[in-house]
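Pasted below: upload-v1.cif, mmCIF, C-alpha atoms and all ligand atoms.
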data_query
#
loop_
_atom_site.label_atom_id
_atom_site.label_comp_id
_atom_site.auth_asym_id
_atom_site.auth_seq_id
_atom_site.Cartn_x
_atom_site.Cartn_y
_atom_site.Cartn_z
CA MET T 951 15.09 -15.44 0.10
CA SER T 952 12.67 -17.35 -2.09
CA THR T 953 10.59 -20.29 -0.88
CA ILE T 954 9.63 -23.25 -3.03
CA CYS T 955 5.90 -23.14 -3.67
CA ARG T 956 3.94 -26.24 -4.69
CA SER T 957 3.58 -24.74 -8.19
CA ASP T 958 7.39 -24.52 -8.51
CA ILE T 959 7.55 -28.26 -7.81
CA HIS T 960 4.81 -28.97 -10.36
CA SER T 961 6.72 -26.97 -12.99
CA TYR T 962 10.04 -28.61 -12.04
CA GLN T 963 8.50 -32.08 -12.38
CA GLY T 964 6.89 -31.19 -15.70
CA HIS T 965 3.27 -31.44 -14.49
CA ARG T 966 2.54 -27.77 -15.09
CA PRO T 967 2.94 -26.10 -18.48
CA ASN T 968 5.82 -23.66 -18.00
CA PRO T 969 8.12 -22.15 -20.64
CA ARG T 970 11.60 -23.69 -20.81
CA PRO T 971 14.27 -22.77 -20.10
CA GLY T 972 12.53 -20.86 -17.36
CA LEU T 973 13.43 -19.16 -14.11
CA LEU T 974 11.29 -20.39 -11.19
CA GLY T 975 10.60 -18.84 -7.78
CA HIS T 976 7.85 -16.32 -6.99
CA GLU T 977 7.42 -16.41 -3.19
CA VAL T 978 10.18 -13.96 -2.63
CA VAL T 979 11.61 -11.10 -0.62
CA GLY T 980 14.60 -9.02 -1.58
CA GLU T 981 16.64 -5.96 -0.84
CA VAL T 982 16.45 -2.97 -3.20
CA VAL T 983 19.82 -2.55 -4.95
CA GLU T 984 18.65 -0.03 -7.52
CA LEU T 985 15.46 1.97 -7.92
CA GLY T 986 13.76 3.13 -11.12
CA ALA T 987 13.55 6.95 -11.37
CA GLU T 988 9.75 6.95 -11.13
CA VAL T 989 9.48 4.58 -8.18
CA LYS T 990 9.01 6.72 -5.08
CA THR T 991 6.73 4.82 -2.70
CA ASP T 992 5.35 1.37 -2.03
CA LEU T 993 1.71 0.24 -2.22
CA GLY T 994 1.01 1.67 1.24
CA GLY T 995 2.60 5.07 0.46
CA ASP T 996 5.87 4.49 2.35
CA ALA T 997 8.95 6.02 0.72
CA LEU T 998 11.21 3.46 -0.96
CA ALA T 999 15.01 3.62 -0.94
CA VAL T 1000 17.99 1.49 -1.86
CA GLY T 1001 18.60 -1.01 0.94
CA ASP T 1002 14.93 -1.45 1.85
CA ARG T 1003 13.68 -5.00 2.22
CA ILE T 1004 10.57 -5.56 0.11
CA THR T 1005 8.04 -8.07 -1.12
CA TRP T 1006 5.97 -7.63 -4.29
CA SER T 1007 2.93 -9.07 -6.03
CA GLU T 1008 3.57 -12.44 -7.68
CA TYR T 1009 2.23 -11.02 -10.95
CA PHE T 1010 2.50 -7.80 -12.95
CA ILE T 1011 0.09 -6.34 -15.46
CA PRO T 1012 0.68 -4.38 -18.66
CA GLY T 1013 -1.48 -1.40 -17.60
CA ALA T 1014 -5.06 -0.17 -17.62
CA ASN T 1015 -7.57 -2.75 -18.79
CA TYR T 1016 -11.14 -3.99 -18.35
CA TYR T 1017 -10.28 -6.65 -15.76
CA ARG T 1018 -8.41 -4.20 -13.55
CA ASP T 1019 -10.67 -1.17 -13.94
CA VAL T 1020 -14.15 -2.60 -14.37
CA LEU T 1021 -14.17 -6.10 -12.88
CA ASP T 1022 -11.61 -5.43 -10.11
CA LEU T 1023 -9.75 -8.64 -10.99
CA PRO T 1024 -6.29 -7.31 -11.92
CA GLN T 1025 -4.75 -10.77 -11.66
CA LYS T 1026 -6.77 -11.76 -14.74
CA SER T 1027 -5.62 -8.81 -16.90
CA PRO T 1028 -4.88 -9.73 -20.52
CA GLY T 1029 -1.10 -9.98 -20.87
CA VAL T 1030 -0.56 -10.57 -17.14
CA ASP T 1031 2.77 -12.25 -16.40
CA LYS T 1032 4.02 -13.93 -13.26
CA TYR T 1033 7.37 -13.98 -11.57
CA GLY T 1034 8.94 -17.40 -11.75
CA HIS T 1035 6.70 -18.55 -14.58
CA MET T 1036 8.40 -17.02 -17.63
CA SER T 1037 10.96 -18.01 -20.22
CA VAL T 1038 14.47 -16.77 -19.45
CA HIS T 1039 14.59 -15.51 -23.05
CA LYS T 1040 12.02 -12.84 -22.22
CA GLU T 1041 13.61 -9.51 -21.31
CA PRO T 1042 14.72 -8.41 -18.76
CA HIS T 1043 15.50 -12.11 -18.11
CA PHE T 1044 15.88 -11.88 -14.30
CA HIS T 1045 12.27 -12.30 -13.21
CA GLY T 1046 12.38 -15.26 -10.83
CA GLY T 1047 13.14 -15.72 -7.16
CA PHE T 1048 15.72 -18.49 -7.57
CA GLY T 1049 18.57 -16.13 -8.33
CA GLU T 1050 20.71 -13.45 -6.77
CA TYR T 1051 18.87 -10.63 -8.50
CA CYS T 1052 15.29 -10.12 -9.59
CA TYR T 1053 14.02 -7.32 -11.80
CA VAL T 1054 10.72 -6.04 -10.35
CA LEU T 1055 8.73 -4.93 -13.37
CA PRO T 1056 6.39 -1.96 -13.80
CA GLY T 1057 2.81 -3.02 -13.08
CA SER T 1058 3.86 -4.88 -9.90
CA TRP T 1059 2.73 -3.87 -6.41
CA ILE T 1060 5.58 -3.42 -3.95
CA LEU T 1061 5.47 -3.47 -0.14
CA LYS T 1062 8.26 -2.42 2.21
CA LEU T 1063 8.74 -4.93 5.04
CA PRO T 1064 8.94 -3.93 8.72
CA ALA T 1065 12.30 -4.67 10.33
CA ALA T 1066 10.71 -6.86 13.04
CA LEU T 1067 9.51 -9.41 10.48
CA SER T 1068 12.01 -12.21 9.76
CA ASP T 1069 12.68 -13.36 6.19
CA GLU T 1070 10.98 -16.66 7.08
CA GLU T 1071 7.82 -14.82 8.12
CA ALA T 1072 7.91 -12.47 5.13
CA THR T 1073 8.75 -14.72 2.18
CA PRO T 1074 5.41 -16.60 1.88
CA LEU T 1075 3.41 -13.33 2.08
CA ASN T 1076 3.17 -12.67 -1.67
CA CYS T 1077 1.85 -16.10 -2.64
CA GLY T 1078 0.59 -18.36 0.17
CA VAL T 1079 -0.63 -15.76 2.66
CA ALA T 1080 -2.13 -13.30 0.14
CA THR T 1081 -3.92 -16.18 -1.63
CA MET T 1082 -5.47 -17.29 1.66
CA MET T 1083 -6.55 -13.71 2.39
CA ALA T 1084 -8.44 -13.87 -0.91
CA ALA T 1085 -9.85 -17.37 -0.25
CA THR T 1086 -11.07 -16.61 3.29
CA GLU T 1087 -12.60 -13.32 2.10
CA ALA T 1088 -14.43 -15.12 -0.73
CA ALA T 1089 -15.70 -17.74 1.74
CA GLY T 1090 -17.24 -14.91 3.74
CA ILE T 1091 -15.95 -16.13 7.13
CA ALA T 1092 -17.80 -14.23 9.82
CA MET T 1093 -17.69 -13.97 13.62
CA GLY T 1094 -18.59 -17.31 15.23
CA ASP T 1095 -18.37 -19.42 12.06
CA ALA T 1096 -17.38 -23.09 11.93
CA VAL T 1097 -14.83 -23.50 9.14
CA VAL T 1098 -13.53 -26.69 7.52
CA ILE T 1099 -10.17 -26.61 5.71
CA GLN T 1100 -9.36 -29.47 3.34
CA GLY T 1101 -5.55 -29.74 3.31
CA LEU T 1102 -3.12 -28.56 6.00
CA GLY T 1103 -0.13 -27.72 3.85
CA LEU T 1104 1.21 -24.17 4.00
CA LEU T 1105 -2.00 -22.70 2.55
CA GLY T 1106 -4.23 -24.62 4.93
CA LEU T 1107 -2.20 -23.64 8.00
CA TYR T 1108 -2.29 -19.96 7.04
CA GLY T 1109 -5.98 -20.40 6.23
CA ALA T 1110 -6.67 -21.77 9.72
CA ALA T 1111 -4.87 -18.86 11.38
CA ILE T 1112 -6.63 -16.29 9.16
CA ALA T 1113 -10.03 -17.94 9.79
CA LYS T 1114 -9.41 -17.50 13.53
CA GLY T 1115 -8.35 -13.92 12.84
CA ARG T 1116 -11.66 -13.35 11.06
CA GLY T 1117 -13.56 -14.62 14.10
CA ALA T 1118 -14.17 -18.32 13.44
CA ARG T 1119 -15.23 -20.17 16.62
CA LEU T 1120 -14.17 -23.56 15.29
CA VAL T 1121 -11.65 -24.63 12.65
CA ILE T 1122 -11.56 -28.25 11.49
CA GLY T 1123 -8.53 -29.28 9.41
CA LEU T 1124 -8.35 -32.39 7.21
CA ASP T 1125 -5.03 -33.90 6.14
CA PRO T 1126 -3.65 -37.44 5.86
CA VAL T 1127 -0.13 -36.35 6.99
CA PRO T 1128 0.18 -36.71 10.83
CA ALA T 1129 2.90 -34.02 11.17
CA ARG T 1130 0.66 -31.47 9.47
CA ARG T 1131 -2.29 -32.31 11.70
CA GLU T 1132 -0.04 -31.82 14.74
CA LEU T 1133 1.25 -28.49 13.43
CA GLY T 1134 -2.36 -27.43 12.80
CA ALA T 1135 -2.98 -27.05 16.55
CA ARG T 1136 -0.40 -24.23 16.64
CA PHE T 1137 -2.19 -22.40 13.80
CA GLY T 1138 -5.72 -22.36 15.14
CA VAL T 1139 -6.96 -25.83 14.08
CA ASP T 1140 -9.27 -27.05 16.88
CA LEU T 1141 -9.95 -30.49 15.44
CA ALA T 1142 -7.60 -32.19 12.96
CA LEU T 1143 -8.89 -35.31 11.21
CA ASP T 1144 -7.30 -37.85 8.88
CA PRO T 1145 -9.73 -38.10 5.94
CA ARG T 1146 -8.27 -41.48 4.94
CA ALA T 1147 -9.06 -42.99 8.34
CA HIS T 1148 -12.83 -42.62 7.80
CA GLU T 1149 -15.21 -43.80 5.14
CA GLU T 1150 -16.67 -40.72 3.42
CA GLY T 1151 -20.13 -40.90 5.01
CA ALA T 1152 -18.64 -41.32 8.48
CA LEU T 1153 -16.27 -38.38 7.93
CA VAL T 1154 -19.15 -36.14 6.84
CA GLN T 1155 -21.16 -37.19 9.89
CA ARG T 1156 -18.21 -36.62 12.25
CA ILE T 1157 -17.69 -33.09 10.91
CA ARG T 1158 -21.38 -32.18 10.90
CA ALA T 1159 -21.70 -33.38 14.50
CA ALA T 1160 -18.82 -31.11 15.52
CA CYS T 1161 -20.43 -28.10 13.80
CA ARG T 1162 -23.73 -27.77 15.65
CA PRO T 1163 -26.50 -27.18 14.95
CA ASP T 1164 -26.52 -27.83 11.20
CA GLY T 1165 -23.01 -28.33 9.77
CA ALA T 1166 -20.11 -26.11 8.72
CA ASP T 1167 -20.65 -22.48 7.73
CA ARG T 1168 -17.66 -22.42 5.36
CA VAL T 1169 -15.43 -24.96 3.64
CA ILE T 1170 -12.14 -24.14 1.93
CA GLU T 1171 -10.34 -26.59 -0.36
CA VAL T 1172 -6.56 -26.20 -0.55
CA CYS T 1173 -5.51 -29.83 -0.99
CA GLY T 1174 -5.63 -29.94 -4.80
CA SER T 1175 -7.74 -33.12 -5.01
CA PRO T 1176 -11.11 -32.86 -6.79
CA GLU T 1177 -12.30 -36.05 -5.05
CA VAL T 1178 -12.85 -34.08 -1.81
CA ILE T 1179 -15.43 -31.74 -3.33
CA ALA T 1180 -18.47 -33.97 -2.88
CA SER T 1181 -17.84 -34.47 0.86
CA GLY T 1182 -16.98 -30.76 1.22
CA VAL T 1183 -20.45 -29.88 -0.09
CA ARG T 1184 -22.10 -32.41 2.22
CA VAL T 1185 -20.65 -30.97 5.43
CA LEU T 1186 -22.08 -27.48 4.73
CA ARG T 1187 -25.12 -26.10 6.52
CA VAL T 1188 -28.01 -24.63 4.54
CA GLY T 1189 -26.80 -21.31 3.09
CA GLY T 1190 -23.12 -22.18 3.58
CA SER T 1191 -20.28 -21.38 1.19
CA TYR T 1192 -17.45 -23.39 -0.32
CA VAL T 1193 -14.27 -21.97 -1.86
CA LEU T 1194 -11.99 -24.00 -4.12
CA ALA T 1195 -8.45 -22.59 -4.16
CA GLY T 1196 -6.10 -25.56 -4.52
CA LEU T 1197 -7.19 -27.07 -7.83
CA VAL T 1198 -4.73 -25.13 -9.97
CA ASN T 1199 -3.90 -27.87 -12.48
CA PRO T 1200 -6.11 -28.75 -15.47
CA ASN T 1201 -8.32 -31.90 -15.58
CA ALA T 1202 -9.69 -31.62 -12.05
CA GLN T 1203 -13.01 -33.28 -12.93
CA PHE T 1204 -15.52 -34.10 -10.21
CA SER T 1205 -19.05 -35.34 -9.93
CA LEU T 1206 -21.66 -33.82 -7.65
CA ASP T 1207 -25.39 -33.98 -6.96
CA ALA T 1208 -26.15 -30.37 -7.97
CA ASN T 1209 -29.53 -30.70 -6.32
CA LEU T 1210 -27.70 -30.20 -3.00
CA LEU T 1211 -26.52 -26.77 -4.17
CA VAL T 1212 -30.07 -25.74 -5.04
CA ARG T 1213 -31.97 -27.17 -2.09
CA ASN T 1214 -29.38 -26.07 0.46
CA LEU T 1215 -28.84 -22.62 -1.12
CA LEU T 1216 -25.08 -23.23 -1.24
CA THR T 1217 -22.44 -21.00 -2.81
CA LEU T 1218 -19.53 -22.62 -4.66
CA ARG T 1219 -16.68 -20.31 -5.68
CA GLY T 1220 -13.22 -20.53 -7.19
CA VAL T 1221 -10.33 -18.27 -6.13
CA HIS T 1222 -7.09 -17.85 -8.08
CA ASN T 1223 -4.26 -15.56 -6.99
CA TYR T 1224 -5.29 -12.30 -5.34
CA HIS T 1225 -6.00 -8.59 -5.50
CA PRO T 1226 -3.25 -6.20 -4.30
CA ARG T 1227 -5.37 -5.40 -1.21
CA HIS T 1228 -4.81 -9.00 -0.11
CA LEU T 1229 -1.04 -8.45 -0.16
CA ILE T 1230 -1.40 -5.50 2.22
CA GLN T 1231 -3.77 -7.54 4.41
CA ALA T 1232 -1.33 -10.47 4.41
CA LEU T 1233 1.49 -8.27 5.68
CA GLY T 1234 -0.76 -6.63 8.28
CA PHE T 1235 -2.03 -9.99 9.53
CA VAL T 1236 1.35 -11.72 9.82
CA ALA T 1237 3.00 -8.65 11.39
CA GLY T 1238 0.13 -8.27 13.85
CA GLU T 1239 -0.34 -11.93 14.80
CA ARG T 1240 3.25 -13.19 14.80
CA GLN T 1241 3.21 -13.67 18.58
CA ARG T 1242 -0.02 -15.70 18.40
CA PHE T 1243 0.96 -18.03 15.53
CA PRO T 1244 4.51 -19.39 14.91
CA PHE T 1245 4.68 -18.35 11.24
CA HIS T 1246 8.50 -18.52 11.34
CA ALA T 1247 8.28 -22.30 11.87
CA LEU T 1248 6.64 -22.87 8.47
CA VAL T 1249 9.85 -22.20 6.54
CA ASP T 1250 11.83 -25.10 7.92
CA GLY T 1251 14.53 -25.83 5.34
CA HIS T 1252 17.30 -23.53 4.07
CA TYR T 1253 19.38 -24.20 0.96
CA ARG T 1254 21.97 -22.33 -1.09
CA LEU T 1255 21.14 -21.68 -4.74
CA SER T 1256 23.61 -24.43 -5.74
CA GLU T 1257 21.60 -26.93 -3.63
CA ILE T 1258 18.34 -26.27 -5.43
CA ASP T 1259 17.97 -29.81 -6.82
CA ARG T 1260 18.13 -31.23 -3.30
CA ALA T 1261 15.76 -28.53 -2.05
CA MET T 1262 13.23 -29.42 -4.78
CA ARG T 1263 13.47 -33.12 -3.90
CA ASP T 1264 13.06 -32.49 -0.15
CA ALA T 1265 10.07 -30.23 -0.80
CA ALA T 1266 8.48 -32.67 -3.28
CA GLU T 1267 8.86 -35.58 -0.84
CA HIS T 1268 7.45 -33.52 2.07
CA ARG T 1269 10.70 -33.77 4.07
CA VAL T 1270 10.28 -30.03 4.70
CA LEU T 1271 7.10 -27.96 4.81
CA ARG T 1272 8.59 -24.94 2.99
CA ALA T 1273 12.11 -24.98 1.60
CA ALA T 1274 13.85 -21.61 1.27
CA ILE T 1275 16.51 -20.76 -1.28
CA VAL T 1276 18.97 -18.28 0.18
CA PRO T 1277 21.37 -17.26 -2.61
ZN ZN V 1301 2.99 -19.94 -5.21
#
As structure tokens, please, write out the structure in this file.
Ligand SMILES: [Zn+2]
Amino acid sequence: MSTICRSDIHSYQGHRPNPRPGLLGHEVVGEVVELGAEVKTDLGGDALAVGDRITWSEYFIPGANYYRDVLDLPQKSPGVDKYGHMSVHKEPHFHGGFGEYCYVLPGSWILKLPAALSDEEATPLNCGVATMMAATEAAGIAMGDAVVIQGLGLLGLYGAAIAKGRGARLVIGLDPVPARRELGARFGVDLALDPRAHEEGALVQRIRAACRPDGADRVIEVCGSPEVIASGVRVLRVGGSYVLAGLVNPNAQFSLDANLLVRNLLTLRGVHNYHPRHLIQALGFVAGERQRFPFHALVDGHYRLSEIDRAMRDAAEHRVLRAAIVP
């Protein structure tokens, strides 16, 4: 199974530079049909065998390098490549999720999936969930924090649940889509607001009033709109932190009174992709909290590979939250 991520839609619509002809799909689980001679165990040390159901990192790296070994940012290794983002001409050709077979390359991190986890719960692990593990870690969410999440798409809903898992006392979600705000309540969102229903100053005031005594401790942006950054900064308390994780396309300019950052001792950080530890954490979190949060409900559309055009349209037009391709 491979779910359609927002970045797949951007590539499909031509908004994201992607080699063509390409093979899309990177949020993926699969069953091992053949194992390389040197592959013995997964990332957690569990023995791997033909027939096992696995997930794997959305990227693979060419080997030892400065970013992996010194900076601990393997996802930024020179020569890094990503599943579902490569030309089909590049060997071994089958490196995307929208197909019957996928070649998992050396330099990928593999995790065996527990039998109890459904495909719907497991497929978003290696992109959406692992990314939100990284974003919530970078935000520094601590016990008792008030957290604001800008955007309640798949990332925002996982982010809300993970924020609660990290001990947040209050999670405020912002999204103009009513169905997403409703779904938010099932994923730990205590207060869901429509940012378009308020003038910016009133929205900031409403959020600050809900986060006593001095505003939000953490803000996470996963809506992909740079216009929300200024209000995101204004809802933070002194010493708060703000993580941008949704602005993945170029030309996301914004304007900000940087004096606020200085005077209020704020931290502004960007997060892109994740470290392999976040993949393990993502699996542990979803497996451990699947009774508390209805993760299975997030993948709400199923399509055969031959129906992929319709699946892309339904996903692009928000008729489904996450469309799954089941070859
Ligand atoms: Zn993705």
Checklist entry - Of the candidates T:Ile1230, T:Leu993, T:Val1038, T:Val983, which one gets nearest to Pro969 of chain T if we count all atoms listed in the file? => result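 With all atoms listed in the file as the atom set, the closest residue is T:Val1038.
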Item to check | ligand ZN 1301 (chain V) neighbours within 8 Å using all atoms listed in the file, as number ranges by chain | outcome: T: 954-958, 976-977, 1008, 1077-1078
Checklist entry - Taking (-19.9, -12.7, 6.8) in the file's coordinates as the center, which residues reach within 12 Å of it, counting only C-alpha atoms, put as a count of residues only? => result 20
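The environment of segment 1062-1074 of chain T within 8 Å, counting all atoms listed in the file and disregarding residues fewer than 3 places along the same chain, consists of Met951, Ser952, Thr953, Glu977, Val978, Val979, Asp992, Asp996, Leu998, Asp1002, Arg1003, Ile1004, Thr1005, Cys1077, Gly1078, Val1079, Leu1233, Val1236, Ala1237, Phe1245, His1246, Ala1247, Leu1248 and Val1249 of chain T.
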Checklist entry - Which of these, T:Val1185, T:Val1178, T:Leu1124, T:Ala997, has the shortest distance to Ala1166 of chain T once you count all atoms listed in the file? => result T:Val1185
Checklist entry - With only C-alpha atoms as the atoms that count, which of T:Ala1142, T:Leu1120, T:Ala1147, T:Leu1104 lies nearest to Asp1250 of chain T? => result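 Nearest candidate to Asp1250 of chain T out of T:Ala1142, T:Leu1120, T:Ala1147, T:Leu1104: T:Leu1104.
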Next on the checklist: What does the structure give for the distance between atom CA of Ile1099 of chain T and atom CA of Ser1007 of chain T, in Å to one decimal?
Outcome noted: 24.8 Å
